[in-house]
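Asks: Below you will find the structure I want to go over with you.
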Protein chains: 2
Amino acid sequence: MTAEIISIGDELLIGQTVNTNASWLAGELYNAGVPVKQNTVVSDDKAEIIRAITEAESRAGLILITGGLGPTKDDKTREALCDYFEDHLIENKVVLKNIDNLFRKRGLKVTETNQRQALVPSKCRVLKNNCGTAPGLMFERKNKLFIAIPGVPFELKSMVINEILPLLEEKYKRQCIIHKTILTHGIGESFLADRISGWQENIPENINLAYLPSPGIVKLRLSGAAEEEQSIRNDIDALIEQLRKIIPEYIFGEDHDTMQGVVGELLKEKCATLSVAESCTGGMISHLVTTVAGASNYFTGSIVAYDNKIKVDKLNVDSSLIEKHGAVSKQVSEAMAEKVRESFKTDYSLATTGIAGPDGGTKNKPVGTVWIALASKNFTKSKKFLFGHNRERNIMITSIAALNMLRQEILSEL
Amino acid sequence: MTAEIISIGDELLIGQTVNTNASWLAGELYNAGVPVKQNTVVSDDKAEIIRAITEAESRAGLILITGGLGPTKDDKTREALCDYFEDHLIENKVVLKNIDNLFRKRGLKVTETNQRQALVPSKCRVLKNNCGTAPGLMFERKNKLFIAIPGVPFELKSMVINEILPLLEEKYKRQCIIHKTILTHGIGESFLADRISGWQENIPENINLAYLPSPGIVKLRLSGAAEEEQSIRNDIDALIEQLRKIIPEYIFGEDHDTMQGVVGELLKEKCATLSVAESCTGGMISHLVTTVAGASNYFTGSIVAYDNKIKVDKLNVDSSLIEKHGAVSKQVSEAMAEKVRESFKTDYSLATTGIAGPDGGTKNKPVGTVWIALASKNFTKSKKFLFGHNRERNIMITSIAALNMLRQEILSEL
């Protein structure tokens, strides 16, 4: 039993919006045992939508349609479904009441526009939207399931988690699809492939390995399907055991781990606190750390010393260090780390200083030159990196490399 | 002449990776006058790839295929293309030399794995990859163009900009597709639709309006196609003139503007500097501001005072204010803004304090309660917001709302 996702929206086809919904949805369906074989993105055009559904019906047993359920005129999904299933729209009183309540809670009056979202195809089963006005619409035909879901990401996620996944679990026997992802940092994809080529050659036929690179991270995903779940799990676990012996220095987590989440757990385990002094990373490290719920347990705060004046005035970095070695130097990175740690009274601190680009490079210090320092009460250490030319990538890779330095340090101390 | 994008990659279908490539590529093609009518995402499976190309060929004149050109065994695109075009692989010496040079520049030896990427289908035209090892592969058949591009985002972008767009411009007469996007902040999608419903009803048949919401922003995109470019441009410009009179308070930019970019331009125009004191936004405002190249012209730095101790010790907020009113209060937000401005000696400052969630809410201050303050040498102002329950959304919406307060202030002073 496989699924297809049809993503509806002009904005996806002109590059205005990135299709994060399809990615999230695909992950959830994969975990639920209903793998997605294809995602098709089409425009807000009734004929295109109908064609996409027709083609998907020939290939998959579960067809999810996202988008086009809004209240405005360019939302065509309801009409397309009515045509496809030879149906007509009727007013659903439960939906209308839900919309009413939502507006009343915010002290607002329902607009006529939104009332239109209570019109649903008469043959469909309506799925509750806890976070917004558009209900989900479900049809069943010849043992195939068609579900239209609102395109607003947090509404979609809520409806999938609360209404759709339970329904799928009830309706379909779960297939055994097992997967495990190992996260690595610090080695490029092709070098990694070389290091583990022997191990890769010995992966059994029924297990698949994929390399998934992103800035600063290469994920290795092992997956297999079997009727007997335990044997596949054992095989995958054994492969991972071997992998951990080959590249222990690069593995930092698995599955849905993030570098910032892993570091957060280590800091909690050690009952330690962290502060950061950022220059070229501009707040990204602080942002990553604070995306983890509960970060207030270990993250005290940071200074983004974007201007050199701030390094001197607020961080108390000796200005002679900047004059002598430049802001992007071992000495300044270590001073930044030491000063913020003392100032914020934390157990650890990180500091970054570098040239993110696209401008600012020189012959001796080209774009991508970054110093990262880590300080504790016992030591200060620093490392120089030479990244690429892309500002956004450099900011992200530097932030992950900094957190990784802290991760390795704490692990060595535990 | 339309295009289709075929995105190849298991990682896209299990939710590991978001399809940012397709979004970016679609935007570039739209600007180049070759609109994308469909994006199909399929797995690293030769048969699936061939099916997708077959179907796309029946619909579009330009077929772009991304992904699967890497050096590892799960990269199937070269094989699939050989099958599809009844071709075989040969070693391309120019590509091999390029790969060699790339490795040599980094002081490394070429791996056997990477040498495989110099094998290309004999019938194709090779496109240079300035940023990586995998060349682009182009085929032409019955007046249709098929181009396979590496899936690594910065390699893809470089190849599209340097090799593919110039090629398309040379080969095809540009269609006149005109579009204009107006960016709004501060009003929800359906309320906005109500406010502009009269205006929307008067949009001519040949122009399309789409609503594109994202956290804190609703984009209004007008687009039309015509043989005679100037008349469509005039119509769209006239519509936008009218729109600016209806909702002037919500419009902050157009097309590729960002709130942080718009604010950056205003600060430059005023020769003014900015500092930030962040609590619940955790570094996000600083990060957004510093994503703009040249931010060092106006952004001095910030303090992320995640722990209340830091608000008192480093920002010098009077601890009695926190005891009396709580950290999430008008008084504390204003004190944070004033203190960071004085401390960093900037013309303006912003401060945020709130409850991003999912925990931390109380009956009086539920999750989503945020105070944002703005200070200048002449005044301090603050505003309370009640956002939703999603941590990530709250952090983003708060950051945009804060920058918007600054934007409105500077505009009122100019």
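Going by the structure tokens order, chains are called A, B, ..., each with residues numbered from 1, while ligands are numbered from 1 in the order shown.
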Need to verify the contact set: B:Arg233, 9 Å, only C-alpha atoms, exclusion of same-chain residues closer than 6 positions in sequence. Can you return it as a list in words?

Replies: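 In the requested format, the answer is Ile178, His179 and Gly224 of chain B.
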
Asks: Got a sec to pull out which chain B residues are within 6 Å of chain A, counting only C-alpha atoms, and send them as a VMD selection string?

Replies: chain B and resid 13 to 15 18 20 23 to 24 26 to 27 30 36 38 to 42 282 to 284 286 to 287 290 300 to 307

Asks: Compare B:His88, B:Arg244, B:Arg341, B:Lys144 by their minimum atom-to-atom distance to B:Leu374, counting only C-alpha atoms, and give me the closest one.

Replies: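 Of B:His88, B:Arg244, B:Arg341, B:Lys144, the one nearest B:Leu374 is B:Arg341, counting only C-alpha atoms.
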
Asks: Going by DSSP on the backbone, which residues of stretch 8-192 of chain A come out as strand (DSSP E)? List them as a ChimeraX atom specification.

Replies: /A:8,36-42,62-66,89-91,119-121,125-127,136-141,144-149,177-184

Asks: Between atom CA of A:Ile147 and atom CA of A:Gln115, what is the distance in Å, rounded to a tenth?

Replies: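 One can read the atom CA of A:Ile147 to atom CA of A:Gln115 distance as 21.2 Å.
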
Asks: Write out as a ChimeraX atom specification the residues lying within 6 Å of A:Ile251, counting only C-alpha atoms and excluding same-chain residues fewer than 3 positions away.

Replies: /A:183-184,248

Asks: Just list as an MDAnalysis selection string whatever in stretch 201-408 of chain B DSSP marks as helix (DSSP H, G or I).

Replies: chainID B and resid 201 229:246 259:269 284:290 295:297 308:313 319:325 330:344 391:408

Asks: Nearest to B:Pro121 among B:Asp100, B:Pro204, B:Tyr84, B:Gly107, with distances taken over only C-alpha atoms: which residue is it?

Replies: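 Among B:Asp100, B:Pro204, B:Tyr84, B:Gly107, it is B:Tyr84 that comes nearest to B:Pro121.
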
Asks: Counting only C-alpha atoms, what is within 10 Å of A:Leu81, bar same-chain residues fewer than 5 positions away, as a list of chain:residue names?

Replies: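 Counting only C-alpha atoms, the residues come to A:Lys46, A:Ile49, A:Ile50, A:Ile53, A:Lys76, A:Glu86, A:Asp87, A:His88, A:Leu89, A:Val120, A:Pro121, A:Cys124, A:Leu137, A:Met138, A:Phe139, A:Phe146, A:Ala148.
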
Asks: Could you write out that same residue set with N, CA and C atoms as a compact mmCIF listing (two decimals), in the first residue's frame?

Replies:
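The file below, result_35.txt, is the result:
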```
# COMPACT_ATOMS: atom_id res chain seq x y z
N LYS A 46 -8.31 23.87 -11.89
CA LYS A 46 -9.20 22.72 -11.69
C LYS A 46 -8.83 21.55 -12.60
N ILE A 49 -5.67 19.85 -11.45
CA ILE A 49 -5.88 19.09 -10.21
C ILE A 49 -6.55 17.76 -10.53
N ILE A 50 -7.58 17.82 -11.37
CA ILE A 50 -8.30 16.60 -11.74
C ILE A 50 -7.38 15.62 -12.45
N ILE A 53 -5.06 13.97 -9.88
CA ILE A 53 -5.74 12.96 -9.06
C ILE A 53 -5.98 11.70 -9.87
N LYS A 76 -9.23 26.16 -5.46
CA LYS A 76 -10.04 25.39 -6.41
C LYS A 76 -10.29 23.93 -6.00
N GLU A 86 -18.20 13.60 -8.98
CA GLU A 86 -19.57 13.88 -9.45
C GLU A 86 -20.46 14.22 -8.25
N ASP A 87 -20.07 15.28 -7.57
CA ASP A 87 -20.73 15.64 -6.32
C ASP A 87 -21.09 17.13 -6.35
N HIS A 88 -21.80 17.61 -5.31
CA HIS A 88 -22.11 19.04 -5.21
C HIS A 88 -21.87 19.50 -3.78
N LEU A 89 -21.80 20.83 -3.58
CA LEU A 89 -21.49 21.37 -2.25
C LEU A 89 -22.75 21.59 -1.43
N VAL A 120 -19.18 21.93 1.88
CA VAL A 120 -18.37 20.74 1.61
C VAL A 120 -19.09 19.82 0.63
N PRO A 121 -18.34 19.00 -0.12
CA PRO A 121 -19.00 18.04 -1.01
C PRO A 121 -19.89 17.11 -0.19
N CYS A 124 -18.59 13.52 0.96
CA CYS A 124 -17.34 13.31 1.69
C CYS A 124 -17.56 13.20 3.18
N LEU A 137 -11.34 16.94 3.87
CA LEU A 137 -12.42 16.29 3.11
C LEU A 137 -11.93 14.91 2.67
N MET A 138 -12.66 13.87 3.04
CA MET A 138 -12.21 12.51 2.74
C MET A 138 -13.22 11.76 1.88
N PHE A 139 -12.73 11.12 0.84
CA PHE A 139 -13.55 10.28 -0.03
C PHE A 139 -12.96 8.88 -0.10
N PHE A 146 -8.98 9.11 -0.57
CA PHE A 146 -8.57 10.43 -1.05
C PHE A 146 -8.82 11.40 0.09
N ALA A 148 -8.31 15.45 1.30
CA ALA A 148 -7.87 16.82 1.02
C ALA A 148 -7.64 17.52 2.35
```

Asks: Show which residues sit within 9 Å of A:Ile164, as a list of chain:residue names. Count only C-alpha atoms, and ignore same-chain residues fewer than 4 positions away.

Replies: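 Those residues are A:Leu127, A:Ile147, A:Met159, A:Val160, A:Leu168, A:Glu169.
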
Asks: Of the residues B:Ile177, B:Gly132, B:Gly188, B:Glu57, which is the one nearest to A:Leu108, using only C-alpha atoms?

Replies: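 For A:Leu108, the nearest of the candidates is B:Gly188.
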
Asks: Name the closest residue to B:Ala402 among the candidates B:His325, B:His185, B:Arg141, B:Lys157; distances are taken between atoms, counting only C-alpha atoms.

Replies: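 Looking at the shortest contact to B:Ala402, the residue is B:His185.
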